[in-house]
Each structure stands twice: as structure tokens, then as C-alpha cells.
>>> print(open('target13.cif').read())   # mmCIF, C-alpha atoms
data_my_file
#
loop_
_atom_site.label_atom_id
_atom_site.label_comp_id
_atom_site.auth_asym_id
_atom_site.auth_seq_id
_atom_site.Cartn_x
_atom_site.Cartn_y
_atom_site.Cartn_z
CA MET A 1 171.52 47.48 -68.55
CA ILE A 2 169.92 46.96 -65.19
CA GLU A 3 166.77 48.95 -64.60
CA LEU A 4 166.49 50.75 -61.31
CA THR A 5 163.59 51.85 -59.15
CA LYS A 6 164.27 55.12 -57.39
CA THR A 7 163.24 55.29 -53.76
CA GLY A 8 163.06 59.07 -53.93
CA VAL A 9 164.52 59.11 -50.42
CA ASP A 10 167.04 61.92 -50.09
CA GLY A 11 170.53 60.46 -50.16
CA LEU A 12 169.50 56.81 -50.42
CA ASP A 13 169.38 56.56 -54.20
CA GLU A 14 172.91 57.97 -54.36
CA ILE A 15 174.19 55.31 -51.96
CA LEU A 16 172.45 52.72 -54.10
CA ASN A 17 174.07 54.14 -57.21
CA GLY A 18 170.76 55.15 -58.68
CA GLY A 19 168.14 53.10 -56.88
CA ILE A 20 166.92 49.65 -55.99
CA VAL A 21 167.18 47.03 -58.72
CA LYS A 22 163.80 46.87 -60.44
CA ASN A 23 161.66 43.82 -59.59
CA SER A 24 163.89 42.85 -56.69
CA THR A 25 162.93 42.24 -53.07
CA THR A 26 164.77 44.15 -50.37
CA LEU A 27 164.63 43.41 -46.69
CA VAL A 28 164.54 46.43 -44.41
CA SER A 29 165.74 45.40 -40.95
CA GLY A 30 165.92 47.30 -37.71
CA ASN A 31 164.76 47.61 -34.11
CA PRO A 32 161.34 48.90 -33.25
CA GLY A 33 161.40 52.63 -33.89
CA ALA A 34 164.34 52.53 -36.27
CA GLY A 35 162.23 53.88 -39.13
CA LYS A 36 161.36 50.78 -41.14
CA SER A 37 157.73 51.68 -41.65
CA ILE A 38 158.60 55.29 -42.48
CA LEU A 39 161.04 54.17 -45.15
CA CYS A 40 158.36 51.90 -46.56
CA LEU A 41 155.68 54.59 -46.51
CA GLN A 42 158.09 56.92 -48.24
CA PHE A 43 158.96 54.35 -50.91
CA ILE A 44 155.31 53.90 -51.82
CA TYR A 45 154.42 57.59 -51.48
CA ASN A 46 157.33 58.80 -53.60
CA GLY A 47 156.45 56.19 -56.20
CA VAL A 48 153.11 57.86 -56.76
CA GLU A 49 154.18 61.47 -56.21
CA GLN A 50 157.43 61.49 -58.16
CA PHE A 51 157.54 58.54 -60.51
CA ASP A 52 153.92 57.89 -61.46
CA GLU A 53 154.17 54.35 -60.07
CA LYS A 54 151.31 52.84 -58.13
CA GLY A 55 151.93 50.90 -54.96
CA ILE A 56 150.46 48.23 -52.72
CA TYR A 57 151.03 48.50 -48.98
CA LEU A 58 150.48 45.35 -46.94
CA THR A 59 150.47 45.75 -43.19
CA PHE A 60 149.73 43.17 -40.55
CA GLU A 61 150.66 45.73 -37.92
CA GLU A 62 148.26 48.60 -38.45
CA ASP A 63 144.90 49.46 -39.85
CA GLU A 64 144.31 51.81 -42.72
CA SER A 65 143.49 54.86 -40.61
CA ASP A 66 146.56 54.42 -38.36
CA LEU A 67 148.72 54.17 -41.44
CA ARG A 68 147.13 57.25 -42.94
CA GLU A 69 147.73 59.22 -39.75
CA ALA A 70 151.30 58.02 -39.57
CA ALA A 71 151.91 59.04 -43.18
CA GLU A 72 150.29 62.43 -42.83
CA SER A 73 152.05 63.19 -39.55
CA ILE A 74 155.44 62.73 -41.19
CA GLY A 75 154.50 65.04 -44.03
CA PHE A 76 153.13 62.74 -46.73
CA GLU A 77 150.06 64.90 -46.85
CA ASN A 78 148.53 63.45 -50.01
CA TRP A 79 148.70 59.87 -48.73
CA GLY A 80 144.98 59.69 -47.98
CA GLU A 81 144.08 61.13 -51.34
CA HIS A 82 146.24 58.57 -53.16
CA VAL A 83 144.62 55.78 -51.17
CA ASP A 84 141.16 57.11 -51.94
CA ASN A 85 141.77 57.31 -55.67
CA GLY A 86 143.49 53.94 -55.83
CA ASP A 87 147.07 54.93 -56.59
CA ILE A 88 148.01 53.40 -53.28
CA LYS A 89 146.21 50.23 -52.31
CA VAL A 90 146.35 49.35 -48.65
CA TYR A 91 145.73 45.88 -47.29
CA ASP A 92 145.64 46.57 -43.58
CA LYS A 93 145.54 44.13 -40.69
CA LYS A 94 141.75 44.14 -40.62
CA VAL A 95 141.62 43.00 -44.23
CA LEU A 96 144.57 40.62 -44.10
CA LEU A 97 143.45 38.90 -40.93
CA ARG A 98 139.74 39.03 -41.59
CA GLU A 99 138.12 36.11 -39.83
CA ASN A 100 141.54 34.63 -39.45
CA ASP A 101 141.47 33.90 -43.11
CA PHE A 102 144.60 35.15 -44.77
CA SER A 103 144.10 32.83 -47.70
CA SER A 104 141.11 34.72 -49.10
CA SER A 105 142.96 38.05 -48.90
CA LEU A 106 145.94 36.36 -50.48
CA GLU A 107 143.77 35.49 -53.42
CA LEU A 108 142.75 39.14 -53.93
CA LEU A 109 146.33 40.17 -53.49
CA LEU A 110 147.65 37.75 -56.07
CA ASP A 111 145.04 39.09 -58.49
CA ASP A 112 146.33 42.61 -57.87
CA PHE A 113 149.89 41.46 -58.47
CA GLU A 114 148.91 40.01 -61.81
CA ASP A 115 147.05 43.10 -62.90
CA ASN A 116 150.19 44.93 -63.96
CA ASP A 117 148.63 48.01 -62.45
CA TYR A 118 151.20 48.38 -59.70
CA ASP A 119 154.97 48.76 -59.60
CA ARG A 120 155.83 48.85 -55.90
CA VAL A 121 154.95 46.66 -52.96
CA VAL A 122 155.60 46.89 -49.24
CA LEU A 123 155.15 43.97 -46.86
CA ASP A 124 155.11 45.00 -43.20
CA SER A 125 156.17 42.67 -41.72
CA LEU A 126 157.81 39.54 -43.03
CA ALA A 127 157.64 37.94 -39.57
CA MET A 128 153.84 38.10 -39.63
CA PHE A 129 153.71 36.69 -43.14
CA GLU A 130 155.90 33.81 -42.03
CA LEU A 131 153.45 32.88 -39.28
CA PHE A 132 151.32 31.25 -41.93
CA PHE A 133 153.94 28.60 -42.51
CA GLU A 134 154.72 25.63 -40.36
CA ASP A 135 158.44 25.16 -40.22
CA GLU A 136 161.72 26.63 -41.39
CA GLN A 137 161.71 24.71 -44.62
CA GLU A 138 158.22 25.87 -45.49
CA LYS A 139 159.06 29.48 -44.60
CA ARG A 140 162.07 29.35 -46.83
CA THR A 141 160.26 27.72 -49.75
CA TYR A 142 157.33 30.09 -49.66
CA LEU A 143 159.37 33.21 -49.17
CA LEU A 144 161.24 32.25 -52.33
CA LYS A 145 158.04 31.52 -54.20
CA PHE A 146 156.51 34.78 -52.99
CA THR A 147 159.51 36.82 -54.12
CA ASP A 148 159.43 35.01 -57.46
CA ILE A 149 155.78 35.92 -57.88
CA LEU A 150 156.52 39.56 -57.05
CA SER A 151 159.48 39.72 -59.38
CA GLU A 152 157.74 38.04 -62.32
CA ASN A 153 154.87 40.48 -61.97
CA ASN A 154 157.32 43.37 -62.26
CA LEU A 155 156.99 44.50 -58.69
CA THR A 156 159.79 46.07 -56.69
CA THR A 157 159.33 45.16 -53.06
CA LEU A 158 160.41 46.22 -49.59
CA MET A 159 159.79 43.85 -46.69
CA THR A 160 160.32 44.85 -43.09
CA ASN A 161 162.13 42.62 -40.67
CA GLU A 162 162.08 43.13 -36.92
CA GLN A 163 165.63 42.98 -35.67
CA GLY A 164 166.13 41.86 -32.10
CA ALA A 165 169.74 42.86 -31.59
CA VAL A 166 170.91 46.46 -31.70
CA PHE A 167 173.35 45.54 -34.40
CA PRO A 168 172.75 42.63 -36.70
CA GLU A 169 176.06 40.84 -36.27
CA THR A 170 174.61 38.37 -33.82
CA GLU A 171 171.63 37.16 -35.76
CA ILE A 172 171.47 37.01 -39.48
CA GLY A 173 168.30 35.24 -40.47
CA LEU A 174 167.73 33.14 -43.50
CA GLU A 175 165.59 35.97 -44.84
CA ASN A 176 168.70 38.02 -45.41
CA TYR A 177 170.11 35.43 -47.75
CA LEU A 178 166.89 34.82 -49.61
CA THR A 179 166.21 38.43 -50.55
CA ASP A 180 168.01 40.46 -53.19
CA GLY A 181 168.87 43.39 -50.99
CA ASN A 182 169.43 44.12 -47.31
CA ILE A 183 169.05 47.53 -45.77
CA TYR A 184 169.63 47.97 -42.05
CA LEU A 185 168.30 50.88 -40.06
CA ILE A 186 170.28 51.38 -36.89
CA GLN A 187 169.58 53.60 -33.92
CA THR A 188 171.86 54.23 -30.99
CA PRO A 189 170.80 56.17 -27.93
CA THR A 190 172.81 59.25 -27.04
CA GLU A 191 172.58 61.70 -24.17
CA SER A 192 170.56 64.11 -26.25
CA GLY A 193 168.37 61.65 -28.09
CA VAL A 194 169.16 59.10 -30.70
CA ASN A 195 171.65 58.75 -33.54
CA ARG A 196 170.33 57.07 -36.62
CA TYR A 197 172.21 55.26 -39.36
CA LEU A 198 171.44 53.45 -42.56
CA TRP A 199 173.51 50.63 -43.95
CA VAL A 200 172.98 48.96 -47.31
CA ALA A 201 174.64 45.63 -46.68
CA LYS A 202 173.71 43.96 -49.92
CA MET A 203 172.10 44.72 -53.25
CA ARG A 204 172.36 42.00 -55.86
CA LYS A 205 173.44 43.07 -59.34
CA GLN A 206 174.25 46.53 -58.11
CA ASN A 207 177.41 48.32 -57.12
CA ILE A 208 176.63 50.05 -53.85
CA GLU A 209 178.28 52.17 -51.18
CA THR A 210 178.58 49.80 -48.25
CA ASP A 211 179.54 52.39 -45.65
CA ILE A 212 177.20 53.18 -42.84
CA PHE A 213 175.58 56.55 -43.37
CA PRO A 214 173.96 58.83 -40.84
CA MET A 215 170.31 59.54 -41.43
CA GLU A 216 167.56 61.55 -39.83
CA ILE A 217 163.83 61.25 -39.57
CA SER A 218 161.99 64.52 -39.74
CA GLN A 219 159.10 66.19 -41.51
CA GLY A 220 159.24 64.79 -45.04
CA GLY A 221 160.50 61.42 -43.90
CA ILE A 222 163.95 59.89 -43.95
CA ARG A 223 166.95 61.80 -45.18
CA VAL A 224 170.28 60.02 -45.56
CA HIS A 225 173.45 62.06 -45.28
CA GLN A 226 176.09 61.00 -47.68
CA ASN A 227 178.81 62.47 -45.61
CA ALA A 228 179.96 59.19 -44.14
CA SER A 229 182.87 60.88 -42.41
CA ALA A 230 180.47 62.09 -39.75
CA PHE A 231 180.67 58.56 -38.54
CA SER A 232 184.38 58.58 -37.96
CA MET A 233 184.00 61.69 -35.82
CA MET A 234 182.00 59.76 -33.28
CA SER A 235 183.71 58.51 -30.20
CA GLU A 236 184.38 54.80 -29.80
CA ASP A 237 181.54 54.51 -27.33
CA ASP A 238 178.95 55.88 -29.69
CA SER A 239 179.82 53.61 -32.56
CA PRO A 240 177.30 50.85 -33.13
CA LEU A 241 180.16 48.73 -34.41
CA MET B 1 134.84 2.72 -39.28
CA ALA B 2 136.38 5.62 -41.12
CA SER B 3 139.49 6.04 -39.00
CA ALA B 4 140.60 2.47 -39.40
CA GLU B 5 139.87 2.72 -43.09
CA ILE B 6 142.15 5.72 -43.43
CA LEU B 7 144.91 3.85 -41.64
CA GLN B 8 144.33 0.91 -43.93
CA THR B 9 144.63 3.16 -46.96
CA LEU B 10 147.77 4.77 -45.63
CA GLY B 11 149.21 1.37 -44.84
CA ASN B 12 148.79 -0.04 -48.33
CA LYS B 13 152.00 -0.68 -50.17
CA TYR B 14 153.32 2.50 -51.89
CA SER B 15 150.70 4.83 -50.33
CA ALA B 16 153.19 6.55 -48.06
CA GLU B 17 155.71 6.87 -50.88
CA ILE B 18 153.11 8.44 -53.14
CA LEU B 19 152.11 10.99 -50.49
CA ASP B 20 155.75 11.71 -49.80
CA ALA B 21 156.43 12.38 -53.47
CA THR B 22 153.40 14.56 -54.17
CA ASP B 23 154.48 17.71 -52.42
CA GLU B 24 154.50 19.13 -55.92
CA PRO B 25 151.91 17.84 -58.41
CA GLN B 26 152.84 14.58 -60.14
CA SER B 27 151.18 12.41 -62.75
CA ALA B 28 150.51 8.71 -62.26
CA GLN B 29 153.17 7.92 -64.85
CA GLU B 30 155.79 10.06 -63.10
CA LEU B 31 155.02 8.43 -59.76
CA SER B 32 155.19 5.01 -61.31
CA ASP B 33 158.54 5.77 -62.93
CA GLU B 34 160.12 7.53 -59.97
CA LEU B 35 158.98 5.16 -57.28
CA GLY B 36 159.08 1.96 -59.31
CA ILE B 37 155.38 1.23 -58.81
CA PRO B 38 153.59 -0.91 -61.40
CA ILE B 39 151.33 1.49 -63.28
CA ALA B 40 148.07 -0.36 -62.54
CA THR B 41 148.85 -0.40 -58.82
CA CYS B 42 149.78 3.25 -59.03
CA TYR B 43 146.36 4.16 -60.44
CA ARG B 44 144.63 2.05 -57.82
CA ARG B 45 146.52 3.72 -54.97
CA ILE B 46 145.82 7.16 -56.39
CA ASP B 47 142.10 6.33 -56.50
CA GLU B 48 142.12 5.12 -52.92
CA LEU B 49 144.05 8.09 -51.61
CA THR B 50 141.89 10.53 -53.53
CA GLU B 51 138.73 8.88 -52.21
CA HIS B 52 139.88 9.58 -48.67
CA ASP B 53 140.93 13.15 -49.49
CA LEU B 54 144.53 12.39 -48.73
CA LEU B 55 145.47 13.17 -52.31
CA GLU B 56 143.75 15.53 -54.68
CA LEU B 57 143.50 15.91 -58.40
CA HIS B 58 145.31 19.13 -58.84
CA ASP B 59 145.14 19.95 -62.50
CA ASN B 60 144.87 18.64 -66.03
CA ILE B 61 148.08 19.78 -67.61
CA LEU B 62 148.98 19.66 -71.28
CA SER B 63 151.85 17.33 -72.04
CA ASP B 64 154.57 17.90 -74.64
CA ASP B 65 152.65 15.79 -77.13
CA ARG B 66 149.55 17.85 -76.37
CA ARG B 67 147.66 15.32 -74.34
CA ARG B 68 145.87 16.09 -71.11
CA ILE B 69 147.56 14.58 -68.10
CA LYS B 70 146.12 14.48 -64.62
CA VAL B 71 148.48 15.56 -61.91
CA TYR B 72 147.93 14.88 -58.22
CA ARG B 73 149.12 16.55 -55.09
CA ARG B 74 148.87 15.48 -51.50
CA ASN B 75 146.21 17.18 -49.49
CA VAL B 76 147.63 16.34 -46.11
CA ASP B 77 150.51 17.63 -44.08
CA THR B 78 150.24 15.65 -40.87
CA VAL B 79 148.29 12.67 -39.56
CA HIS B 80 147.59 12.23 -35.85
CA ILE B 81 146.49 8.88 -34.54
CA ASP B 82 144.94 8.81 -31.10
CA PHE B 83 144.10 5.61 -29.21
CA GLU B 84 143.35 7.18 -25.87
CA GLU B 85 139.54 7.42 -25.91
CA SER B 86 138.71 5.59 -29.04
CA LEU B 87 140.66 5.39 -32.25
CA THR B 88 140.67 8.74 -33.99
CA VAL B 89 142.68 9.71 -37.00
CA ASP B 90 143.06 13.40 -37.45
CA ILE B 91 144.17 14.64 -40.84
CA GLU B 92 145.79 18.04 -40.97
CA GLU B 93 145.23 19.37 -44.43
CA ARG B 94 147.70 21.50 -46.26
CA THR B 95 146.93 25.11 -45.59
CA GLU B 96 145.15 27.14 -48.19
CA VAL B 97 147.86 29.76 -48.05
CA THR B 98 150.54 27.40 -49.26
CA ASN B 99 148.17 25.99 -51.87
CA LYS B 100 147.47 29.43 -53.30
CA LEU B 101 151.11 30.41 -53.41
CA ASP B 102 151.98 27.11 -55.04
CA GLU B 103 149.33 27.71 -57.63
CA ALA B 104 150.40 31.28 -58.39
CA TRP B 105 154.02 30.23 -58.55
CA ARG B 106 153.27 27.37 -60.91
CA THR B 107 151.39 29.67 -63.27
CA LEU B 108 154.58 31.72 -63.50
CA SER B 109 156.76 28.83 -64.50
CA GLU B 110 154.24 27.82 -67.13
CA GLY B 111 154.03 31.31 -68.55
#
>>> encode(input="target13.cif", output="C-alpha cells")
Amino acid sequence: MIELTKTGVDGLDEILNGGIVKNSTTLVSGNPGAGKSILCLQFIYNGVEQFDEKGIYLTFEEDESDLREAAESIGFENWGEHVDNGDIKVYDKKVLLRENDFSSSLELLLDDFEDNDYDRVVLDSLAMFELFFEDEQEKRTYLLKFTDILSENNLTTLMTNEQGAVFPETEIGLENYLTDGNIYLIQTPTESGVNRYLWVAKMRKQNIETDIFPMEISQGGIRVHQNASAFSMMSEDDSPL
Amino acid sequence: MASAEILQTLGNKYSAEILDATDEPQSAQELSDELGIPIATCYRRIDELTEHDLLELHDNILSDDRRRIKVYRRNVDTVHIDFEESLTVDIEERTEVTNKLDEAWRTLSEG
């Protein structure tokens, strides 16, 4: 029986047939603004709030206070409290890039991984992590080693991946093959604003719904609507496909 | 002169092969077997390379018959040779980040 880690995101666990496979690494891809960081915040926050699972949040993009504000503004009001009491451990860009020395933070991080204290990890973003490696081969090798380390330490991980194209058909990076799961967040502009969709393209060991589902971002975070038929009601022009 | 000495060390028979093979830690015996280097020569090259920080003693691992074996790993990724001003040999060491991940990953496979 495969153990699952619930995201606690409305609608997403149902699409995943219960949750993300425990100890796996899932890549969350999308354009800027598609909701990658929100999904990640929610994954960590719900872990603490709903499932009594501690989390580590690694961000090369923001510092701790920005992240706290972002979390609280979307309705994760206890985020700061969880950070203060250690249920959520944040490695922000100041810490990770301190004196340009990622290797010393990596050491602390690896210690945390081995502590068995945490269950969930977010890495925002994979692209920044990969900057520490020289060439494609090295990136590939060390991404695999890193995911191995996470998995063996019983950590379920989300990594964000900046997606250049509106829809991923044109560029599928190596990262997508090397991770256990792929979730795409898609946004298409409309006259009145933006339509948002979520697509679980891959989840190893798990039977998933592979349709593209509409989602919204509002107070309380991401909500995925399981009513996939909403998609078919869109006109040709609106379809991201 | 140190630069010429490093080139000399790199140029010795089997040195390049040893550095090429030590991406992951290897023992002298393994290197000797895999690369077909006489064991005495292998030890000598390892000493030379280690002396110039091109190779490093990585660990003392426990063998199947419970003996301690020294394993070595290369400490260099790239070598630049510059003749323009005066001979300089610039050694780019492996980054600490990759070293640490290698180490953590190896601990897993042992456990």
C-alpha cells in the first residue's frame, strides 16, 4: 500500500486520488504569477495546521518577512506563529545566499533533513538551486542525488519550476523526467481577468486524473474545481491547448 | 616553479586516467584493477596527486573483510594553463556544494 501525503488543497487531493505519494518529489511548473509559490506555501501550512507535519521552506526568491507577508495576505494567518515556534523552518534568500556561500547553508539543511523532525519540504526555485552546478550533466546528477536524499529522509517535496512558455508543450526540461510528479499551473488572460487551471501531468506510482481542472486563487489559497466540464464550455480561443 | 611542477605531475603516466576515474571515491586497488596500473605505480601517482591537492583522501571505508581502505577522490574540476604573461596553472577545485551532496548521498547508500 502506497502511503500518501495530503496537500490539504481543496480539490487537489481528489484529483491525485488521495494525495501526493509520500517521500516523492513533485515539480510545480508555471509562468510567473501562476500560483506556484502559493501552492507551496499552502502545502507547508496545511501540513502543520491539518496533519501535524512540520515543514521546511527553502526560498532563493524571497526573504523571511516577504514570505510571511505573502502567506498572511492569502489567509494563512498562523504562518508567522508556526515559523516562530519552529513548526515551519524557513531558509530564505538571505540565509541561503549568505556571503555567496550556499555550501554552509547546505550543511545546516542536510542536518535538518536527517533530523527526522520534518515531513515536508519546498524548494523555491529549482532553477536557482541548479545555478550551483556547472553543466547539464552535473545538474542532472545532483538533482537526482538531492531527491534521493530527500526521499530517504522521509521528506515529501515540492519544487517550483519557472515555465517560459504559456503552455509547456514547447519545452519540457529534464527536470520533468527526473522528478516523481509534475503539476502544471496554467493561466490564460481573458477580457475580465485571468483563467487559471491546474494539470497533474504525472505522478509516479499513483493513479491520477489527468484532465486539466479549473482553479482559483482567493483568500485561503488555491482551490481546484473538480468539475472539469467547465473546460469544455470554453470557446476554442480561450483554451490553453 | 609550482606551475610547471603541477603540469609535470599531471603529465605523468596514468595521472590523467586516475583523475578521470575518481569522480566518485576509489581505492588504490580499484584504480589499479580498473585502469591496469601496476599497484606500486598507482600508490606513487596517488601520493603525487594528493601532494599537489589534485586528489584528496576522501574517507577510510570498511571493506567486506572488515579492513580499513583509503578511498580517494579528485579535488579538481578544471585546469587552465596560461602562457600569455608567464606560465600560470589555475586549478578549479570541485565546488563545496557538490562535495557536500556527494557526501550526504553516499551516507544514504551506506545506511
>>> resolve_selection(input="target13.cif", expression="the PyMOL selection byres ((chain B) within 7 of (chain A))", output="ChimeraX atom specification")
/B:96-97,101,105
>>> resolve_selection(input="target13.cif", expression="the PyMOL selection byres ((chain B and resi 47-57) around 10)", output="count of residues only")
36
>>> closest_residue(input="target13.cif", among="A:Thr179, A:Gln226, A:Gln206, A:Thr25", to="Glu3 of chain A", atoms="all atoms listed in the file")
A:Gln206
>>> closest_residue(input="target13.cif", among="A:Ser218, A:Ser73, A:Thr59, A:Thr7", to="Lys89 of chain A", atoms="only C-alpha atoms")
A:Thr59
>>> axis_aligned_box(input="target13.cif", around="segment 97-104 of chain B", padding_each_side="8 Å", output="lines of an AutoDock Vina configuration file")
center_x = 149.7
center_y = 28.6
center_z = -53.2
size_x = 20.5
size_y = 21.3
size_z = 26.3
>>> atom_distance(input="target13.cif", atom1="atom CA of Gly35 of chain A", atom2="atom CA of Gly80 of chain A")
20.2 Å
